[in-house]
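Student: Supplied structure: target_39.tsv, TSV, C-alpha atoms.
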chain	number	residue	atom	x	y	z
L	1	MET	CA	115.52	122.73	50.44
L	2	GLU	CA	118.04	124.52	52.60
L	3	LEU	CA	115.79	124.18	55.63
L	4	MET	CA	115.54	120.43	55.10
L	5	LEU	CA	119.30	120.11	54.81
L	6	ASP	CA	119.64	122.06	58.04
L	7	ARG	CA	117.30	119.68	59.77
L	8	VAL	CA	119.19	116.64	58.50
L	9	HIS	CA	122.40	118.29	59.66
L	10	ILE	CA	121.01	118.74	63.18
L	11	ARG	CA	119.86	115.12	63.29
L	12	VAL	CA	123.24	113.83	62.17
L	13	CYS	CA	125.04	116.01	64.72
L	14	LEU	CA	122.80	114.74	67.51
L	15	ALA	CA	123.32	111.11	66.48
L	16	LEU	CA	127.08	111.65	66.40
L	17	GLN	CA	127.01	113.23	69.84
L	18	TRP	CA	125.04	110.24	71.16
L	19	LEU	CA	127.53	107.84	69.64
L	20	LEU	CA	130.46	109.75	71.09
L	21	GLY	CA	128.84	109.78	74.52
L	22	ALA	CA	128.20	106.05	74.40
L	23	ALA	CA	131.75	105.43	73.15
L	24	LEU	CA	133.14	107.49	76.01
L	25	LEU	CA	131.19	105.43	78.57
L	26	LEU	CA	132.33	102.15	77.01
L	27	ALA	CA	135.93	103.36	76.80
L	28	CYS	CA	135.91	104.24	80.51
L	29	GLN	CA	134.44	100.87	81.39
L	30	LEU	CA	137.03	99.10	79.23
L	31	ALA	CA	139.84	101.06	80.89
L	32	GLY	CA	138.41	100.16	84.30
L	33	GLU	CA	138.14	96.46	83.42
L	34	ALA	CA	141.70	96.48	82.07
L	35	ALA	CA	143.05	98.17	85.20
L	36	VAL	CA	141.22	95.74	87.49
L	37	ARG	CA	142.45	92.75	85.51
L	38	ALA	CA	146.03	94.02	85.39
L	39	LEU	CA	146.10	94.50	89.17
L	40	SER	CA	144.05	91.29	89.73
L	41	TRP	CA	141.89	93.33	92.05
L	42	PRO	CA	138.43	91.86	92.85
L	43	VAL	CA	136.56	95.13	92.21
L	44	PRO	CA	134.00	95.66	89.40
L	45	GLY	CA	135.76	97.32	86.46
L	46	ALA	CA	132.73	99.55	85.88
L	47	VAL	CA	133.21	101.23	89.27
L	48	VAL	CA	136.86	101.99	88.45
L	49	GLY	CA	135.61	103.25	85.06
L	50	MET	CA	133.18	105.55	86.88
L	51	LEU	CA	135.99	106.98	89.01
L	52	LEU	CA	138.11	107.48	85.86
L	53	LEU	CA	135.26	109.31	84.11
L	54	TRP	CA	134.62	111.42	87.21
L	55	GLY	CA	138.30	112.41	87.33
L	56	GLY	CA	138.23	113.18	83.61
L	57	LEU	CA	135.13	115.38	83.95
L	58	CYS	CA	136.75	117.25	86.84
L	59	LEU	CA	139.83	117.90	84.67
L	60	VAL	CA	137.81	119.04	81.65
L	61	GLY	CA	135.36	121.06	83.73
L	62	CYS	CA	132.17	120.33	81.79
L	63	VAL	CA	129.96	117.43	80.69
L	64	PRO	CA	129.91	116.88	76.89
L	65	ARG	CA	126.35	117.06	75.58
L	66	GLY	CA	126.29	113.59	74.08
L	67	LEU	CA	127.57	112.08	77.31
L	68	ALA	CA	124.89	113.91	79.31
L	69	LEU	CA	122.19	112.56	76.95
L	70	VAL	CA	123.36	108.93	77.03
L	71	ALA	CA	124.04	108.99	80.78
L	72	GLY	CA	120.59	110.46	81.45
L	73	ALA	CA	118.91	107.76	79.37
L	74	LEU	CA	120.86	104.94	81.04
L	75	LEU	CA	120.34	106.28	84.55
L	76	SER	CA	116.61	106.80	84.15
L	77	HIS	CA	116.29	103.07	83.34
L	78	LEU	CA	118.99	101.87	85.72
L	79	MET	CA	116.77	99.07	87.02
L	80	LEU	CA	116.04	97.42	83.66
L	81	PRO	CA	119.39	95.58	83.26
L	82	LEU	CA	119.26	94.58	86.93
L	83	ILE	CA	115.89	92.82	86.80
L	84	PRO	CA	117.30	89.70	85.04
L	85	LEU	CA	119.93	89.39	87.79
L	86	VAL	CA	117.52	89.95	90.68
L	87	ALA	CA	115.21	87.32	89.15
L	88	GLY	CA	117.93	84.84	90.10
L	89	VAL	CA	116.58	85.06	93.63
L	90	GLY	CA	114.15	82.33	92.62
L	91	GLU	CA	117.14	79.96	92.85
L	92	HIS	CA	117.77	80.89	96.48
L	93	LEU	CA	114.29	80.66	97.99
L	94	ALA	CA	115.25	77.83	100.36
L	95	LEU	CA	118.18	79.86	101.70
L	96	LEU	CA	115.99	82.93	102.17
L	97	ARG	CA	113.29	80.90	103.91
L	98	GLN	CA	115.89	79.60	106.35
L	99	TYR	CA	117.68	82.93	106.94
L	100	GLY	CA	114.91	85.43	106.11
L	101	VAL	CA	114.64	86.87	109.62
L	102	ALA	CA	118.44	87.10	109.94
L	103	VAL	CA	118.63	88.95	106.60
L	104	LEU	CA	116.01	91.45	107.79
L	105	LEU	CA	117.87	91.91	111.07
L	106	VAL	CA	121.22	92.50	109.36
L	107	CYS	CA	119.63	95.10	107.07
L	108	ALA	CA	117.76	96.87	109.89
L	109	ALA	CA	120.83	96.94	112.15
L	110	GLY	CA	122.84	98.34	109.26
L	111	VAL	CA	120.31	101.14	108.82
L	112	VAL	CA	120.46	102.10	112.52
L	113	ALA	CA	124.27	101.93	112.81
L	114	THR	CA	124.92	103.70	109.51
L	115	THR	CA	122.43	106.52	110.13
L	116	ILE	CA	123.73	107.31	113.61
L	117	CYS	CA	127.41	107.16	112.63
L	118	ALA	CA	126.83	109.32	109.54
L	119	ALA	CA	124.82	111.95	111.44
L	120	VAL	CA	127.29	112.15	114.33
L	121	ALA	CA	130.32	112.34	112.01
L	122	TYR	CA	128.68	114.99	109.83
L	123	THR	CA	127.62	117.28	112.68
L	124	ALA	CA	130.99	116.95	114.43
L	125	ALA	CA	132.97	117.71	111.27
L	126	ALA	CA	130.62	120.55	110.24
L	127	ARG	CA	131.06	122.20	113.64
L	128	ARG	CA	134.86	121.93	113.44
L	129	SER	CA	135.14	123.29	109.91
L	130	ARG	CA	132.91	126.26	110.60
I	131	MET	CA	125.02	80.79	74.04
I	132	SER	CA	121.34	81.00	73.14
I	133	ASP	CA	120.04	81.74	69.64
I	134	PRO	CA	118.92	85.25	68.58
I	135	ALA	CA	115.20	84.39	68.69
I	136	THR	CA	115.37	83.25	72.33
I	137	THR	CA	117.46	86.30	73.19
I	138	MET	CA	114.91	88.65	71.63
I	139	LEU	CA	111.99	86.84	73.25
I	140	TRP	CA	113.39	87.02	76.79
I	141	CYS	CA	114.79	90.53	76.47
I	142	GLY	CA	111.35	91.55	75.18
I	143	VAL	CA	109.57	89.83	78.07
I	144	THR	CA	111.92	91.57	80.53
I	145	GLY	CA	111.29	94.92	78.85
I	146	LEU	CA	107.53	94.36	79.05
I	147	ALA	CA	107.74	93.39	82.73
I	148	TYR	CA	109.78	96.54	83.38
I	149	ALA	CA	107.36	98.75	81.44
I	150	GLY	CA	104.43	97.20	83.31
I	151	ALA	CA	106.20	97.79	86.62
I	152	ARG	CA	106.80	101.45	85.73
I	153	ARG	CA	103.13	101.83	84.78
I	154	LEU	CA	102.06	100.35	88.12
I	155	GLN	CA	104.40	102.71	89.95
I	156	GLY	CA	102.83	105.65	88.16
I	157	LYS	CA	99.33	104.48	88.98
I	158	TRP	CA	99.70	103.26	92.59
I	159	GLY	CA	102.35	105.72	93.78
I	160	ALA	CA	105.67	105.10	95.49
I	161	HIS	CA	105.51	102.09	97.82
I	162	TRP	CA	108.02	99.32	98.34
I	163	TYR	CA	105.94	96.89	96.29
I	164	THR	CA	105.73	99.28	93.32
I	165	LEU	CA	109.51	99.68	92.97
I	166	PRO	CA	110.27	98.48	89.42
I	167	VAL	CA	112.85	95.97	90.68
I	168	VAL	CA	110.35	94.39	93.05
I	169	SER	CA	107.21	94.32	90.91
I	170	GLY	CA	109.14	93.72	87.66
I	171	THR	CA	110.95	90.75	89.19
I	172	ALA	CA	107.69	89.41	90.61
I	173	LEU	CA	106.06	89.64	87.16
I	174	LEU	CA	109.03	87.88	85.59
I	175	LEU	CA	109.07	85.11	88.19
I	176	SER	CA	105.37	84.48	87.61
I	177	VAL	CA	106.06	84.20	83.87
I	178	PHE	CA	108.77	81.62	84.67
I	179	ALA	CA	106.38	79.68	86.87
I	180	LEU	CA	103.64	79.71	84.22
I	181	GLY	CA	105.94	78.80	81.34
I	182	GLY	CA	108.15	76.40	83.25
I	183	THR	CA	111.30	78.27	82.21
I	184	SER	CA	114.53	77.55	84.03
I	185	TYR	CA	116.45	80.57	85.31
I	186	GLN	CA	119.65	79.25	83.74
I	187	HIS	CA	118.06	79.36	80.29
I	188	TYR	CA	116.67	82.86	80.88
I	189	ALA	CA	119.96	84.21	82.28
I	190	GLU	CA	121.86	83.01	79.21
I	191	ALA	CA	119.31	84.60	76.89
I	192	THR	CA	119.44	88.02	78.58
I	193	ILE	CA	123.21	88.28	79.02
I	194	TRP	CA	123.44	91.36	76.77
I	195	LEU	CA	120.71	93.15	78.67
I	196	GLN	CA	122.55	92.43	81.92
I	197	ARG	CA	125.79	93.81	80.49
I	198	LEU	CA	124.15	97.25	80.13
I	199	ALA	CA	124.51	97.59	83.89
I	200	GLY	CA	128.25	98.26	83.37
I	201	PRO	CA	127.92	101.44	81.28
I	202	ALA	CA	125.09	102.53	83.61
I	203	VAL	CA	127.48	102.40	86.56
I	204	VAL	CA	130.05	104.43	84.60
I	205	ALA	CA	127.28	106.93	83.81
I	206	LEU	CA	126.86	107.59	87.56
I	207	ALA	CA	130.01	109.73	87.23
I	208	VAL	CA	127.89	112.44	85.54
I	209	PRO	CA	125.55	113.20	88.49
I	210	LEU	CA	128.54	112.82	90.82
I	211	TYR	CA	130.44	115.44	88.83
I	212	GLN	CA	127.43	117.76	88.80
I	213	GLN	CA	127.54	117.89	92.62
I	214	MET	CA	131.11	119.27	92.57
I	215	PRO	CA	130.18	122.80	93.76
I	216	LEU	CA	128.62	121.25	96.86
I	217	TRP	CA	131.67	119.04	97.30
I	218	ARG	CA	133.95	122.09	97.33
I	219	ARG	CA	131.82	123.84	99.92
I	220	ARG	CA	131.33	120.93	102.32
I	221	ALA	CA	134.18	118.52	101.55
I	222	MET	CA	135.27	117.73	105.10
I	223	PRO	CA	131.87	117.01	106.72
I	224	VAL	CA	130.68	115.00	103.72
I	225	LEU	CA	133.87	112.96	103.61
I	226	ALA	CA	133.69	112.30	107.35
I	227	ALA	CA	130.08	111.17	107.06
I	228	VAL	CA	130.80	108.87	104.11
I	229	LEU	CA	133.78	107.24	105.85
I	230	ALA	CA	131.83	106.77	109.09
I	231	ALA	CA	128.80	105.39	107.27
I	232	CYS	CA	130.80	102.95	105.18
I	233	THR	CA	132.66	101.65	108.22
I	234	ALA	CA	129.42	101.34	110.19
I	235	ALA	CA	127.58	99.54	107.40
I	236	LEU	CA	130.34	97.00	106.82
I	237	ALA	CA	131.19	96.47	110.50
I	238	SER	CA	127.57	96.06	111.60
I	239	GLY	CA	126.91	93.60	108.80
I	240	TRP	CA	129.99	91.60	109.61
I	241	LEU	CA	129.39	91.52	113.37
I	242	LEU	CA	125.72	90.63	113.17
I	243	GLY	CA	126.27	88.15	110.37
I	244	ARG	CA	128.88	86.43	112.53
I	245	THR	CA	126.57	86.39	115.55
I	246	LEU	CA	123.64	84.99	113.58
I	247	GLN	CA	125.94	82.45	111.90
I	248	LEU	CA	125.00	83.36	108.36
I	249	PRO	CA	126.69	81.26	105.67
I	250	GLY	CA	129.72	83.06	104.16
I	251	PRO	CA	128.35	83.76	100.66
I	252	LEU	CA	125.08	85.14	102.07
I	253	MET	CA	126.96	87.42	104.45
I	254	LEU	CA	129.27	88.67	101.67
I	255	SER	CA	126.18	89.43	99.58
I	256	LEU	CA	124.63	91.45	102.40
I	257	LEU	CA	127.72	93.53	103.27
I	258	PRO	CA	127.35	96.06	100.40
I	259	ARG	CA	123.65	96.59	101.23
I	260	SER	CA	123.97	100.38	101.51
I	261	ALA	CA	125.71	100.73	98.13
I	262	THR	CA	123.71	101.58	95.06
I	263	MET	CA	122.24	98.48	93.45
I	264	PRO	CA	124.29	97.98	90.26
I	265	MET	CA	127.52	98.49	92.20
I	266	ALA	CA	126.54	96.25	95.10
I	267	MET	CA	125.45	93.43	92.82
I	268	ALA	CA	128.62	93.51	90.73
I	269	ALA	CA	130.84	93.78	93.80
I	270	ALA	CA	129.16	90.89	95.64
I	271	GLY	CA	129.62	88.65	92.61
I	272	GLN	CA	133.34	89.44	92.52
I	273	VAL	CA	134.16	88.62	96.13
I	274	GLY	CA	132.31	85.30	96.29
I	275	GLY	CA	128.82	86.46	97.16
I	276	ASN	CA	125.73	86.28	94.97
I	277	ALA	CA	124.37	89.15	92.86
I	278	ALA	CA	120.70	88.27	93.31
I	279	LEU	CA	121.00	88.01	97.11
I	280	ALA	CA	122.93	91.29	97.14
I	281	GLY	CA	120.08	92.88	95.18
I	282	ILE	CA	117.57	91.67	97.77
I	283	GLY	CA	119.69	93.07	100.62
I	284	VAL	CA	119.97	96.41	98.84
I	285	VAL	CA	116.21	96.66	98.28
I	286	ILE	CA	115.35	95.73	101.89
I	287	THR	CA	117.89	98.24	103.24
I	288	GLY	CA	116.65	100.95	100.89
I	289	VAL	CA	113.03	100.45	101.88
I	290	LEU	CA	113.76	100.21	105.62
I	291	GLY	CA	116.22	103.09	105.46
I	292	SER	CA	113.99	105.53	103.64
I	293	SER	CA	111.33	105.17	106.35
I	294	MET	CA	113.62	104.72	109.38
I	295	VAL	CA	116.26	107.43	108.76
I	296	PRO	CA	113.97	110.44	109.47
I	297	ILE	CA	112.70	108.77	112.67
I	298	LEU	CA	116.21	107.85	113.85
I	299	LEU	CA	117.49	111.36	113.21
I	300	ARG	CA	114.62	112.79	115.23
I	301	LEU	CA	115.47	110.37	118.06
I	302	ILE	CA	119.10	111.52	118.23
I	303	ARG	CA	117.95	115.13	117.82
I	304	CYS	CA	119.82	115.71	114.62
I	305	LYS	CA	117.92	118.43	112.79
I	306	GLY	CA	118.46	120.14	109.47
I	307	ALA	CA	117.95	119.41	105.81
I	308	GLU	CA	121.60	118.68	105.03
I	309	PRO	CA	122.23	115.78	107.46
I	310	THR	CA	118.80	114.32	106.64
I	311	ALA	CA	119.48	114.23	102.89
I	312	LEU	CA	123.02	113.02	103.46
I	313	ALA	CA	121.95	110.16	105.72
I	314	LEU	CA	119.16	109.15	103.33
I	315	GLY	CA	121.63	108.95	100.43
I	316	LEU	CA	124.24	107.11	102.49
I	317	VAL	CA	121.93	104.51	104.00
I	318	ALA	CA	119.23	104.03	101.41
I	319	HIS	CA	120.96	104.88	98.07
I	320	ALA	CA	118.48	105.60	95.24
I	321	ILE	CA	115.35	104.83	97.29
I	322	GLY	CA	116.57	107.22	99.98
I	323	THR	CA	117.42	109.85	97.38
I	324	ALA	CA	113.83	109.68	96.12
I	325	LYS	CA	112.65	110.12	99.72
I	326	ALA	CA	115.01	113.09	100.16
I	327	GLN	CA	113.38	114.68	97.13
I	328	GLN	CA	110.04	114.55	98.98
I	329	LEU	CA	111.28	115.55	102.45
I	330	VAL	CA	114.15	118.00	101.87
I	331	PRO	CA	114.20	118.98	98.16
I	332	GLN	CA	116.51	121.93	98.91
I	333	ALA	CA	119.28	119.54	100.00
I	334	LEU	CA	118.74	116.86	97.35
I	335	ALA	CA	122.29	117.31	96.05
I	336	PHE	CA	123.63	115.96	99.34
I	337	ALA	CA	121.72	112.71	98.87
I	338	ALA	CA	122.93	112.28	95.29
I	339	LEU	CA	126.54	112.95	96.24
I	340	ALA	CA	126.32	110.65	99.26
I	341	MET	CA	124.88	107.81	97.19
I	342	GLY	CA	127.68	107.90	94.62
I	343	LEU	CA	130.51	108.19	97.14
I	344	MET	CA	129.09	105.53	99.44
I	345	GLY	CA	128.71	103.07	96.56
I	346	ALA	CA	132.25	103.59	95.32
I	347	LEU	CA	133.84	103.43	98.78
I	348	THR	CA	131.90	100.30	99.81
I	349	VAL	CA	132.84	98.50	96.61
I	350	LEU	CA	136.52	99.40	96.99
I	351	ALA	CA	136.59	98.31	100.65
I	352	LEU	CA	134.75	95.01	100.13
I	353	PRO	CA	137.68	92.92	98.77
I	354	TRP	CA	139.76	93.69	101.87
I	355	ILE	CA	137.00	92.62	104.20
I	356	SER	CA	136.34	89.44	102.27
I	357	ARG	CA	140.02	88.52	102.25
I	358	TRP	CA	140.22	89.14	105.96
I	359	MET	CA	137.18	86.95	106.71
Is it possible to give me this structure as structure tokens?

Tutor:
Amino acid sequence: MELMLDRVHIRVCLALQWLLGAALLLACQLAGEAAVRALSWPVPGAVVGMLLLWGGLCLVGCVPRGLALVAGALLSHLMLPLIPLVAGVGEHLALLRQYGVAVLLVCAAGVVATTICAAVAYTAAARRSR
Amino acid sequence: MSDPATTMLWCGVTGLAYAGARRLQGKWGAHWYTLPVVSGTALLLSVFALGGTSYQHYAEATIWLQRLAGPAVVALAVPLYQQMPLWRRRAMPVLAAVLAACTAALASGWLLGRTLQLPGPLMLSLLPRSATMPMAMAAAGQVGGNAALAGIGVVITGVLGSSMVPILLRLIRCKGAEPTALALGLVAHAIGTAKAQQLVPQALAFAALAMGLMGALTVLALPWISRWM
């Protein structure tokens, strides 16, 4: 009897931790959305929420267990909520047919420029700070 | 607003397409065509074609599924925080690389887009192509671009980047695990981070840190660029 109660207790604790983690994520997103709206700043509120949560975690110095669980679950299926949005590409097939090569070029040039700039900046700064 | 039955049907179909895509990825290995976004979207588009569904109808039915992307972006703070020890050790070089990479990505996109005379919304969608996907798609939508086109740009850049970055680094004679992982994370976000796990597992933290910082910085810089255009 006692063992069963213990098990129920553990389950309830875990569920509460999950809920708290999820609530924390939503609260950060809400705060981010509110900040973005108040400043009428065209930035996704979720990104500001992420920066807020990052700052909060740095202040606290550890990741609450429930938050780690919920974040892990969301991040391992990060692509699922994006698929419905990417499927909208079906609406833009004419545009992509017209500019397909240009799109590829812009992406490839970005890769070359970004890689070289990042590598040069990193090695230069690493040498100076050493 | 669509009714609950339609919502459940289309969220279920999307979930099945995603699960099928994950299964394919497990079976066929990591290629560009087995990325869940690519194969899952292809499966979904073929369902639309077979059933004659309009995207408008589908998008309305899956609005709640799409809204999960917000908390997922907030959740990226957790892996970013877990790289803090690395951040303390290598703050200056990492910061320099992120700033340089963000500037290079945005400037090259803007310059080349101008030269090739891309229409404004398409160009704005392509600018955040080195940011991680949920961030890039949300940011493009906010500054007058299109989320779906931004997603395509992000996937193409990720695929090209994860194969081109090691070759480019060899060409400019930049050796070492740290810059390789860092560049992979900066250029090719999650796809590059997966590549870094194969190539330089000892420096994986650099790729994860780079991905988060690059995404945030790109998204914060984008409104200025779009206003200036």

Student: Work out how far CA of Pro42 (chain L) is from CA of Ala266 (chain I), in Å to one decimal.

Tutor: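 So the answer is 12.9 Å.
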
Student: Rounded to one decimal in Å, what is the spacing between CA of Arg127 (chain L) and CA of Thr323 (chain I)?

Tutor: 24.6 Å

Student: Which polymer residues have any atom within 12 Å of an atom of Ser76 (chain L), counting all atoms listed in the file, with same-chain residues fewer than 3 positions away left out, as a ChimeraX atom specification?

Tutor: /L:68-73,79-81 /I:152,166,202-203,205-206,209,320

Student: Taking only C-alpha atoms into account, find every residue of chain L that has an atom no more than 6 Å from chain I, and write it out as number ranges by chain.

Tutor: L: 25, 42, 44, 46, 49-50, 54, 71, 74, 81, 83, 85-89, 106-107, 110-111, 113-115, 117-118, 121-122, 125-126

Student: Measure the distance from CA of Pro64 (chain L) to CA of Met4 (chain L) in Å and round it to one decimal.

Tutor: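 Result for CA of Pro64 (chain L) versus CA of Met4 (chain L): 26.3 Å, one decimal.
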
Student: Could you check the closest approach to Ala31 (chain L) for each of L:Leu105, L:Leu5, L:Ile10, L:Leu51 and tell me which residue wins, using all atoms listed in the file?

Tutor: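 So, comparing all the options, the nearest one is L:Leu51.
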